[in-house]
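K.L.:
What follows is structure07.csv; its format and atoms are CSV, C-alpha atoms.
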```csv
chain,number,residue,atom,x,y,z
U,105,MET,CA,-2.9,9.6,12.2
U,106,ASN,CA,-6.7,9.0,11.9
U,107,LEU,CA,-8.1,8.9,15.4
U,108,LYS,CA,-10.3,5.9,14.7
U,109,ILE,CA,-7.3,3.9,13.4
U,110,GLU,CA,-5.2,5.0,16.5
U,111,GLY,CA,-8.1,3.9,18.7
U,112,LEU,CA,-8.3,0.5,17.1
U,113,LYS,CA,-4.6,-0.1,17.6
U,114,ARG,CA,-4.8,0.9,21.2
U,115,LEU,CA,-7.8,-1.4,21.7
U,116,ASP,CA,-5.8,-4.3,20.1
U,117,GLY,CA,-2.9,-3.6,22.5
U,118,ILE,CA,-5.3,-3.7,25.5
U,119,LEU,CA,-7.5,-6.6,24.5
U,120,GLY,CA,-5.7,-8.4,21.7
U,121,GLY,CA,-3.9,-10.9,24.0
U,122,PHE,CA,-7.1,-11.6,25.9
U,123,ALA,CA,-9.0,-12.2,22.7
U,124,CYS,CA,-6.4,-14.7,21.5
U,125,SER,CA,-6.7,-16.6,24.8
U,126,VAL,CA,-10.4,-16.6,24.9
U,127,SER,CA,-10.9,-17.6,21.3
U,128,LYS,CA,-9.0,-20.9,21.9
U,129,SER,CA,-11.2,-21.8,24.8
U,130,LEU,CA,-14.4,-21.1,22.9
U,131,VAL,CA,-14.1,-23.1,19.7
U,132,SER,CA,-12.1,-25.8,18.0
U,133,PRO,CA,-11.1,-25.9,14.3
U,134,ARG,CA,-13.2,-28.1,11.9
U,135,LYS,CA,-11.6,-31.0,10.2
U,136,LYS,CA,-10.1,-30.5,6.8
U,137,LYS,CA,-12.3,-31.5,3.8
U,138,ASP,CA,-11.1,-33.8,1.1
U,139,GLY,CA,-10.8,-32.2,-2.3
U,140,GLY,CA,-13.5,-30.2,-4.2
U,141,ALA,CA,-14.1,-26.4,-4.2
U,142,GLY,CA,-13.6,-24.5,-1.1
U,143,LYS,CA,-13.7,-21.1,0.5
U,144,ILE,CA,-10.7,-18.9,1.3
U,145,LEU,CA,-10.6,-15.7,3.4
U,146,VAL,CA,-7.7,-13.3,3.2
U,147,ILE,CA,-7.6,-10.8,6.0
U,148,ARG,CA,-6.0,-7.4,5.1
U,149,PRO,CA,-6.6,-4.5,7.5
U,150,GLY,CA,-4.5,-1.4,7.2
U,151,GLY,CA,-3.7,1.2,4.5
U,152,ILE,CA,-3.3,1.4,0.8
U,153,GLY,CA,0.3,0.3,0.5
U,154,ASP,CA,-0.2,-3.1,2.2
U,155,ALA,CA,-3.3,-3.7,0.0
U,156,VAL,CA,-1.4,-2.9,-3.2
U,157,LEU,CA,1.5,-5.2,-2.2
U,158,LEU,CA,-0.9,-8.1,-1.5
U,159,PHE,CA,-1.9,-8.3,-5.2
U,160,PRO,CA,0.9,-10.6,-6.3
U,161,ALA,CA,0.0,-13.0,-3.6
U,162,LEU,CA,-3.7,-12.9,-4.5
U,163,CYS,CA,-2.8,-13.5,-8.1
U,164,GLU,CA,-0.9,-16.7,-7.2
U,165,LEU,CA,-3.7,-17.8,-4.9
U,166,ARG,CA,-6.2,-17.5,-7.7
U,167,LYS,CA,-4.0,-19.4,-10.2
U,168,HIS,CA,-3.7,-22.3,-7.7
U,169,TYR,CA,-7.3,-22.3,-6.6
U,170,LYS,CA,-9.3,-21.6,-9.7
U,171,ASN,CA,-12.5,-23.2,-8.4
U,172,HIS,CA,-12.4,-21.8,-4.9
U,173,THR,CA,-14.3,-18.7,-3.6
U,174,ILE,CA,-11.7,-16.1,-2.4
U,175,ASP,CA,-12.9,-13.3,-0.2
U,176,VAL,CA,-11.0,-10.4,1.3
U,177,LEU,CA,-11.8,-8.9,4.7
U,178,ALA,CA,-10.5,-5.3,4.6
U,179,GLU,CA,-11.6,-1.8,5.8
U,180,LYS,CA,-12.9,1.3,4.3
U,181,ARG,CA,-9.6,3.1,3.8
U,182,ASN,CA,-8.1,0.4,1.6
U,183,SER,CA,-11.3,-0.9,0.0
U,184,GLY,CA,-10.9,1.2,-3.1
U,185,ILE,CA,-7.9,-0.9,-4.1
U,186,PHE,CA,-9.6,-4.3,-3.7
U,187,ALA,CA,-12.8,-3.0,-5.5
U,188,GLY,CA,-11.0,-3.5,-8.8
U,189,CYS,CA,-9.2,-6.7,-7.9
U,190,PRO,CA,-9.8,-9.5,-10.5
U,191,TYR,CA,-8.5,-12.3,-8.3
U,192,ILE,CA,-11.2,-12.2,-5.6
U,193,ASP,CA,-14.9,-13.0,-5.4
U,194,GLY,CA,-16.0,-11.0,-2.4
U,195,LEU,CA,-15.0,-7.9,-0.4
U,196,LEU,CA,-16.0,-7.5,3.2
U,197,LEU,CA,-15.4,-4.5,5.4
U,198,TYR,CA,-15.1,-5.0,9.1
U,199,ASP,CA,-15.6,-1.3,9.9
U,200,ARG,CA,-18.9,-1.1,7.9
U,201,LEU,CA,-21.8,-2.8,9.8
U,202,PRO,CA,-19.1,-4.6,11.9
U,203,HIS,CA,-21.4,-6.9,13.9
U,204,GLU,CA,-23.1,-8.1,10.7
U,205,THR,CA,-19.8,-8.5,8.9
U,206,LEU,CA,-18.1,-10.4,11.6
U,207,TYR,CA,-21.1,-12.7,12.1
U,208,ARG,CA,-21.0,-13.5,8.4
U,209,VAL,CA,-17.2,-14.1,8.5
U,210,ILE,CA,-17.4,-16.4,11.5
U,211,ASN,CA,-20.3,-18.5,10.1
U,212,ALA,CA,-19.2,-18.6,6.4
U,213,GLY,CA,-17.5,-22.0,6.7
U,214,TYR,CA,-14.1,-20.9,5.4
U,215,ASP,CA,-11.7,-23.8,4.7
U,216,VAL,CA,-8.6,-21.5,4.7
U,217,VAL,CA,-7.9,-18.2,6.4
U,218,ILE,CA,-4.8,-16.3,5.5
U,219,ASP,CA,-4.1,-13.5,8.0
U,220,THR,CA,-1.8,-10.9,6.4
U,221,GLU,CA,-1.7,-8.6,9.5
U,222,GLN,CA,1.9,-8.3,10.6
U,223,TRP,CA,1.5,-7.5,14.3
U,224,HIS,CA,-1.9,-6.9,15.9
U,225,ARG,CA,-3.7,-9.8,17.5
U,226,MET,CA,-7.4,-9.3,16.9
U,227,THR,CA,-7.1,-10.7,13.4
U,228,ALA,CA,-5.4,-13.8,14.7
U,229,ALA,CA,-8.3,-14.4,17.2
U,230,LEU,CA,-10.8,-13.9,14.3
U,231,SER,CA,-9.0,-16.4,12.1
U,232,TYR,CA,-9.2,-18.9,14.9
U,233,ILE,CA,-12.9,-18.5,15.7
U,234,THR,CA,-13.8,-19.0,12.0
U,235,ARG,CA,-12.9,-22.6,12.8
U,236,ALA,CA,-11.1,-22.9,9.5
U,237,PRO,CA,-9.0,-26.1,9.3
U,238,GLU,CA,-6.1,-24.2,7.8
U,239,ARG,CA,-5.1,-20.8,9.2
U,240,ILE,CA,-1.9,-19.1,8.1
U,241,GLY,CA,-0.3,-16.0,9.6
U,242,PHE,CA,2.9,-14.3,10.7
U,243,GLU,CA,4.7,-15.6,13.8
U,244,THR,CA,4.8,-12.3,15.6
U,245,ASN,CA,3.5,-10.8,18.8
U,246,GLY,CA,2.6,-14.0,20.5
U,247,ARG,CA,0.0,-15.0,17.8
U,248,SER,CA,1.6,-18.3,16.7
U,249,GLY,CA,-0.8,-20.5,18.8
U,250,LEU,CA,-3.8,-19.3,16.7
U,251,TYR,CA,-2.5,-20.5,13.3
U,252,SER,CA,-2.0,-24.0,11.8
U,253,SER,CA,1.0,-22.7,9.8
U,254,ASN,CA,3.2,-19.9,11.2
U,255,ILE,CA,5.4,-17.9,8.9
U,256,LEU,CA,8.5,-16.0,9.9
U,257,TYR,CA,8.3,-12.2,9.3
U,258,GLY,CA,11.5,-10.3,8.4
U,259,GLN,CA,11.8,-6.6,8.6
U,260,ASP,CA,14.3,-6.6,5.7
U,261,ASP,CA,12.1,-8.7,3.4
U,262,TYR,CA,10.1,-6.8,0.7
U,263,GLU,CA,6.5,-6.8,1.8
U,264,ALA,CA,5.2,-8.3,-1.4
U,265,VAL,CA,7.6,-11.2,-0.8
U,266,SER,CA,6.4,-11.6,2.8
U,267,PHE,CA,2.8,-11.9,1.5
U,268,LEU,CA,3.8,-14.4,-1.1
U,269,ASN,CA,5.4,-16.5,1.7
U,270,LEU,CA,2.0,-16.9,3.2
U,271,VAL,CA,0.6,-18.3,0.0
U,272,SER,CA,3.6,-20.6,-0.3
U,273,ALA,CA,2.7,-22.2,3.1
U,274,LEU,CA,-0.7,-23.1,1.7
U,275,THR,CA,0.3,-24.3,-1.9
U,276,GLY,CA,3.7,-25.7,-1.2
U,277,GLU,CA,5.1,-23.7,-4.1
U,278,GLU,CA,7.9,-21.1,-4.0
U,279,TYR,CA,7.3,-17.8,-5.7
U,280,GLU,CA,9.6,-15.1,-6.9
U,281,PHE,CA,8.6,-11.5,-7.1
U,282,ASP,CA,9.2,-10.0,-10.6
U,283,VAL,CA,10.5,-6.5,-10.0
U,284,THR,CA,10.1,-5.6,-13.7
U,285,ARG,CA,6.4,-6.5,-14.2
U,286,PRO,CA,3.4,-4.3,-13.2
U,287,PHE,CA,1.1,-6.2,-10.9
U,288,LEU,CA,-1.7,-3.8,-10.1
U,289,PRO,CA,-4.5,-3.6,-12.7
U,290,VAL,CA,-5.9,-0.1,-13.3
U,291,PRO,CA,-9.6,-0.5,-12.5
U,292,GLY,CA,-12.2,0.6,-15.0
U,293,ARG,CA,-11.9,2.9,-18.0
U,294,HIS,CA,-10.8,6.5,-17.6
U,295,GLY,CA,-10.8,7.9,-21.1
U,296,ALA,CA,-11.5,11.4,-20.0
U,297,LEU,CA,-8.6,11.4,-17.6
U,298,SER,CA,-6.2,10.0,-20.2
U,299,SER,CA,-7.4,12.7,-22.7
U,300,ALA,CA,-6.9,15.4,-20.1
U,301,ILE,CA,-3.3,14.3,-19.4
U,302,ALA,CA,-2.6,13.9,-23.1
U,303,GLU,CA,-3.7,17.5,-23.7
U,304,PHE,CA,-1.6,18.7,-20.7
U,305,ARG,CA,1.4,16.8,-22.0
U,306,LYS,CA,1.4,18.6,-25.4
U,307,GLY,CA,4.7,20.5,-26.0
U,308,LYS,CA,6.3,19.3,-22.8
U,309,ARG,CA,9.4,17.1,-22.4
U,310,ALA,CA,7.7,15.0,-19.8
U,311,VAL,CA,5.0,14.9,-17.1
U,312,VAL,CA,5.5,13.8,-13.5
U,313,GLY,CA,3.0,13.0,-10.8
U,314,ILE,CA,3.4,14.5,-7.3
U,315,PHE,CA,1.8,13.5,-4.0
U,316,THR,CA,2.6,15.8,-1.1
U,317,GLY,CA,0.8,13.9,1.7
U,318,ALA,CA,1.6,11.1,4.2
U,319,THR,CA,-0.3,9.4,7.0
U,320,VAL,CA,2.0,10.7,9.7
U,321,PRO,CA,4.0,14.0,10.0
U,322,GLU,CA,7.3,12.1,10.2
U,323,ARG,CA,6.9,11.1,6.5
U,324,ARG,CA,6.1,14.5,5.1
U,325,TRP,CA,8.7,16.4,3.1
U,326,GLY,CA,6.4,19.4,2.9
U,327,ALA,CA,4.2,21.1,0.3
U,328,ASN,CA,6.6,24.0,-0.1
U,329,ASN,CA,9.5,21.7,-1.0
U,330,PHE,CA,7.3,19.8,-3.6
U,331,ALA,CA,6.1,23.1,-5.0
U,332,GLU,CA,9.7,24.4,-5.4
U,333,LEU,CA,10.5,21.1,-7.1
U,334,ALA,CA,7.6,21.5,-9.5
U,335,GLU,CA,8.8,25.0,-10.4
U,336,LYS,CA,12.4,23.8,-11.0
U,337,LEU,CA,11.0,21.0,-13.2
U,338,SER,CA,8.9,23.5,-15.2
U,339,ARG,CA,12.1,25.3,-16.2
U,340,GLU,CA,13.2,22.0,-17.8
U,341,ASN,CA,9.9,21.9,-19.7
U,342,ILE,CA,8.4,19.3,-17.4
U,343,GLY,CA,4.8,19.5,-16.2
U,344,SER,CA,3.5,18.3,-12.8
U,345,VAL,CA,0.2,16.6,-12.0
U,346,LEU,CA,-0.9,16.8,-8.4
U,347,VAL,CA,-2.9,13.9,-6.9
U,348,GLY,CA,-4.3,13.5,-3.4
U,349,GLY,CA,-7.4,13.7,-1.3
U,350,GLU,CA,-9.2,16.3,0.7
U,351,THR,CA,-6.4,16.5,3.3
U,352,GLU,CA,-4.1,17.8,0.5
U,353,ARG,CA,-6.5,20.5,-0.6
U,354,ASP,CA,-4.6,23.4,0.9
U,355,ASP,CA,-1.4,22.3,-0.8
U,356,SER,CA,-2.9,23.2,-4.2
U,357,ALA,CA,-2.8,26.9,-3.4
U,358,ILE,CA,0.9,26.7,-2.6
U,359,PHE,CA,1.7,25.1,-6.0
U,360,LYS,CA,-0.5,27.6,-7.9
U,361,ASN,CA,1.3,30.5,-6.3
U,362,ARG,CA,4.7,29.2,-7.3
U,363,CYS,CA,4.4,27.2,-10.5
U,364,THR,CA,4.6,28.6,-14.1
U,365,ALA,CA,1.2,28.8,-15.8
U,366,GLY,CA,0.5,25.8,-18.0
U,367,TYR,CA,2.8,23.5,-16.1
U,368,LEU,CA,0.5,22.4,-13.4
U,369,MET,CA,-2.5,20.0,-13.5
U,370,ASP,CA,-4.4,19.8,-10.2
U,371,CYS,CA,-6.3,16.5,-9.6
U,372,ILE,CA,-6.3,16.9,-5.8
U,373,GLY,CA,-9.7,15.9,-4.3
U,374,GLY,CA,-11.2,15.4,-7.7
U,375,THR,CA,-10.7,11.7,-8.3
U,376,THR,CA,-11.5,8.4,-6.7
U,377,LEU,CA,-8.8,6.0,-5.6
U,378,GLY,CA,-9.2,4.0,-8.8
U,379,GLU,CA,-9.1,7.2,-10.9
U,380,THR,CA,-6.0,8.3,-9.0
U,381,ALA,CA,-4.3,5.0,-10.0
U,382,ALA,CA,-5.3,5.7,-13.6
U,383,VAL,CA,-3.7,9.2,-13.4
U,384,ILE,CA,-0.5,7.8,-11.9
U,385,SER,CA,-0.4,5.2,-14.7
U,386,GLU,CA,-0.3,8.0,-17.3
U,387,VAL,CA,2.6,10.0,-16.0
U,388,ASP,CA,6.3,9.4,-16.8
U,389,LEU,CA,7.5,9.5,-13.1
U,390,PHE,CA,5.8,9.6,-9.7
U,391,ILE,CA,7.4,11.5,-6.8
U,392,SER,CA,6.4,11.2,-3.2
U,393,ALA,CA,7.5,10.3,0.3
U,394,ASP,CA,7.0,6.7,1.5
U,395,THR,CA,3.2,6.5,0.9
U,396,GLY,CA,0.4,4.3,-0.3
U,397,LEU,CA,0.3,6.1,-3.6
U,398,MET,CA,4.0,5.4,-4.1
U,399,HIS,CA,3.0,1.7,-4.0
U,400,ILE,CA,0.2,2.3,-6.5
U,401,ALA,CA,2.7,3.9,-8.9
U,402,TYR,CA,5.0,0.9,-8.6
U,403,GLY,CA,2.1,-1.5,-9.0
U,404,VAL,CA,0.9,0.1,-12.3
U,405,GLY,CA,4.4,0.2,-13.7
U,406,THR,CA,5.2,3.9,-13.3
U,407,PRO,CA,8.8,4.8,-12.4
U,408,THR,CA,9.1,6.2,-8.8
U,409,LEU,CA,11.2,8.6,-6.9
U,410,SER,CA,10.6,8.2,-3.2
U,411,LEU,CA,11.8,9.9,-0.1
U,412,PHE,CA,12.6,7.6,2.9
U,413,GLY,CA,13.5,8.3,6.5
U,414,ALA,CA,11.2,6.8,9.1
U,415,GLY,CA,10.2,3.8,7.0
U,416,ILE,CA,12.3,0.7,6.3
U,417,GLN,CA,13.6,1.1,2.8
U,418,LYS,CA,14.4,-2.6,2.3
U,419,LYS,CA,10.9,-3.6,3.2
U,420,TRP,CA,8.9,-0.8,1.5
U,421,ALA,CA,10.8,0.9,-1.3
U,422,PRO,CA,10.0,-0.1,-4.9
U,423,ARG,CA,12.5,-2.5,-6.5
U,424,GLY,CA,14.1,-2.4,-9.9
U,425,ASP,CA,16.2,-0.1,-12.1
U,426,ASN,CA,13.4,2.4,-12.8
U,427,HIS,CA,13.0,3.3,-9.1
U,428,ILE,CA,15.2,5.5,-6.8
U,429,ALA,CA,14.8,5.9,-3.1
U,430,ILE,CA,16.5,8.9,-1.5
U,431,ASN,CA,17.5,8.2,2.0
U,432,ARG,CA,20.0,10.2,4.2
U,433,ASN,CA,20.3,7.1,6.5
U,434,GLU,CA,20.3,9.1,9.7
U,435,PRO,CA,21.5,7.2,12.8
U,436,CYS,CA,18.0,7.4,14.2
U,437,SER,CA,16.3,6.0,11.1
U,438,PRO,CA,14.4,3.9,10.2
U,439,CYS,CA,12.2,4.3,13.3
U,440,THR,CA,9.0,2.7,12.2
U,441,ARG,CA,8.2,-0.8,13.3
U,442,PHE,CA,5.0,-2.7,12.6
U,443,GLY,CA,3.1,0.4,11.4
U,444,TYR,CA,4.0,2.6,14.4
U,445,THR,CA,6.1,5.7,13.9
U,446,PRO,CA,7.2,7.5,17.1
U,447,LYS,CA,7.1,11.3,17.4
U,448,CYS,CA,10.4,12.7,16.1
U,449,PRO,CA,12.5,14.7,18.6
U,450,TYR,CA,14.9,15.8,15.8
U,451,GLY,CA,12.7,17.8,13.6
U,452,VAL,CA,12.3,15.0,11.0
U,453,ARG,CA,15.8,15.7,9.8
U,454,CYS,CA,15.8,12.5,7.8
U,455,LEU,CA,13.4,14.3,5.4
U,456,THR,CA,14.0,18.0,6.0
U,457,GLY,CA,17.7,17.5,5.2
U,458,ILE,CA,16.9,16.3,1.7
U,459,SER,CA,17.3,19.3,-0.6
U,460,VAL,CA,15.0,20.2,-3.5
U,461,GLU,CA,18.0,20.2,-5.9
U,462,VAL,CA,18.9,16.6,-5.0
U,463,VAL,CA,15.4,15.4,-5.7
U,464,LYS,CA,15.3,17.4,-8.9
U,465,GLU,CA,18.5,15.9,-10.2
U,466,SER,CA,17.4,12.4,-9.3
U,467,ALA,CA,14.1,13.0,-11.1
U,468,MET,CA,16.0,14.2,-14.2
U,469,GLY,CA,18.2,11.1,-14.1
U,470,LEU,CA,15.1,8.8,-14.0
U,471,LEU,CA,13.4,10.6,-16.8
U,472,ALA,CA,16.5,10.4,-18.9
U,473,ARG,CA,16.2,6.6,-18.8
U,474,SER,CA,12.7,6.7,-20.4
U,475,PRO,CA,12.5,6.7,-24.2
U,476,GLY,CA,11.5,10.1,-25.6
U,477,ASN,CA,12.4,12.0,-22.4
U,478,GLU,CA,16.1,12.4,-23.0
```
Turn this file's structure into structure tokens for me.
P.N.:
Amino acid sequence: MNLKIEGLKRLDGILGGFACSVSKSLVSPRKKKDGGAGKILVIRPGGIGDAVLLFPALCELRKHYKNHTIDVLAEKRNSGIFAGCPYIDGLLLYDRLPHETLYRVINAGYDVVIDTEQWHRMTAALSYITRAPERIGFETNGRSGLYSSNILYGQDDYEAVSFLNLVSALTGEEYEFDVTRPFLPVPGRHGALSSAIAEFRKGKRAVVGIFTGATVPERRWGANNFAELAEKLSRENIGSVLVGGETERDDSAIFKNRCTAGYLMDCIGGTTLGETAAVISEVDLFISADTGLMHIAYGVGTPTLSLFGAGIQKKWAPRGDNHIAINRNEPCSPCTRFGYTPKCPYGVRCLTGISVEVVKESAMGLLARSPGNE
């Protein structure tokens, strides 16, 4: 895990409770205004997956509050997702010029703050010291005293639904998550990428996207397994498109040493997050472990094949008939809670026990459901 992220989590564990207590002694919320346009702040720290799954809630928020200003407070690592969001007016990053950003947030005069953080307490303290009359957040980790509306958080609820519940507390409306409808707009125009994939696709039965990475080791199936999978798929006349960032650079060589010439397109390290989303939207199937790019694939409407072990499948796996999650359901899994995955003493058997052949057969089954890929 990124050392800076780990450091922030430890700081929250040490000072979060104190920050919550002190914030209540420093300020009092303002009185609620009557009607008219207002200002809404949505707090969303964390990774790509949470940011993607917040989009349905942001969409409903914008529908209900057409004349309000809606800002999102996020961080550098998920900002690329929000940069293309059509439902918000402003994007603030708390880890870029933090003092200036937090001063701006505290003094912006927000009427509503929706804290989408699931566990850590610093965001709850921040929501309170904005003095917003309405503050909505999850009733976890002793944070309930900081919000005007507290929402129950269920580990078995799909995360997009959990975020929609926060908006429901504000609007009074109930929302259903449509498992069949794409919800993540592909930002910008990427004609060159589309043309490149169309050229790569020529003569092939199908094209799949593959991401080998994961934030923590306990969620990695391994580049060698993915490369073997790509080679097996090439024998079925199926090409593979690799996506990822600089941390996956070394994986490219593993694929190039194993894969049949002409059946591999390498986009690792060569695209922005928005461009990666565009690439994923062009493939017939996306294959990865439980990762942020898996959520992007689901959001843009691409069928997914995901590998689960440490993560909670009910909460994070894509829903619907065009998505399969492979899970060995080991007695020790899932072991992740509120973003923390402990070191595995069993050699990550929940993932290492998944064979390449099982993944390949699942991929073939999903591809067979798509018109033209039979």
K.L.:
Mind checking which residues fall within 9 Å of Val283 in chain U, counting only C-alpha atoms, ignoring those fewer than 6 positions away in the same chain, and posting them as an MDAnalysis selection string?
P.N.:
chainID U and resid 422:425
K.L.:
Only C-alpha atoms, please: the residues just picked out, written as a PDB file, keeping the file's coordinate frame.
P.N.:
```pdb
ATOM      1  CA  PRO U 422      10.000  -0.100  -4.900  1.00  0.00           C
ATOM      2  CA  ARG U 423      12.500  -2.500  -6.500  1.00  0.00           C
ATOM      3  CA  GLY U 424      14.100  -2.400  -9.900  1.00  0.00           C
ATOM      4  CA  ASP U 425      16.200  -0.100 -12.100  1.00  0.00           C
TER       5      ASP U 425
END
```
K.L.:
Under the rule that only C-alpha atoms are counted, which of U:Leu389, U:Ile400, U:Val265, U:Cys189 is the nearest residue to Arg473 in chain U?
P.N.:
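Among the listed residues, the smallest separation from Arg473 in chain U belongs to U:Leu389.
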K.L.:
Extract, using all atoms listed in the file, all DNA, RNA and protein residues at most 7 Å from Thr364 in chain U, discarding same-chain residues fewer than 2 positions from it, and format them as a VMD selection string.
P.N.:
chain U and resid 335 338 362 366 to 367
K.L.:
Could you check how far CA of Ser266 in chain U sits from CA of Leu206 in chain U, in Å to one decimal?
P.N.:
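CA of Leu206 in chain U lies 26.1 Å from CA of Ser266 in chain U.
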K.L.:
Measure the distance from CA of Thr395 in chain U to CA of Val347 in chain U in Å and round it to one decimal.
P.N.:
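Atom-to-atom, CA of Thr395 in chain U to CA of Val347 in chain U, that is 12.4 Å.
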K.L.:
So which residues touch range 146-148 of chain U within 12 Å, counting all atoms listed in the file, skipping near sequence neighbours fewer than 6 positions away, as a PyMOL selection string?
P.N.:
chain U and resi 154-159+161-162+165-166+173-183+185-186+191-198+206+209+214-224+226-231+234+236+238-241+267+270-271
K.L.:
Can you work out the spacing between CA of Pro133 in chain U and CA of Tyr257 in chain U in Å, to one decimal?
P.N.:
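Interatomic distance, CA of Pro133 in chain U to CA of Tyr257 in chain U: 24.3 Å.
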K.L.:
Set the distance at 6 Å and use only C-alpha atoms: which residues neighbour range 435-445 of chain U once local chain neighbours fewer than 3 positions away are removed? I'd like the list as a VMD selection string.
P.N.:
chain U and resid 413 to 416
K.L.:
Given only C-alpha atoms, how would the per-residue table for range 392-466 of chain U near range 316-333 of chain U read, listing every residue at most 7 Å away with its closest atom pair and distance in Å to one decimal, sorted by chain and number, as a tab-separated table?
P.N.:
```
residue	atom	partner	partner_atom	distance
U:Ser392	CA	U:Thr316	CA	6.3
U:Ala393	CA	U:Arg323	CA	6.3
U:Asp394	CA	U:Arg323	CA	6.7
U:Thr395	CA	U:Ala318	CA	5.9
U:Ala414	CA	U:Arg323	CA	6.6
U:Cys448	CA	U:Glu322	CA	6.7
U:Val452	CA	U:Glu322	CA	5.8
U:Leu455	CA	U:Trp325	CA	5.6
U:Thr456	CA	U:Trp325	CA	6.2
U:Val460	CA	U:Leu333	CA	5.8
U:Lys464	CA	U:Leu333	CA	6.3
```
K.L.:
Any idea what's packed within 12 Å of Thr380 in chain U, counting all atoms listed in the file, ignoring anything in its chain fewer than 4 positions away? Could you give it as a ChimeraX atom specification?
P.N.:
/U:184-185,290-292,294,297-298,313-315,345-349,370-376,384-387,390,396-398,400-401,404
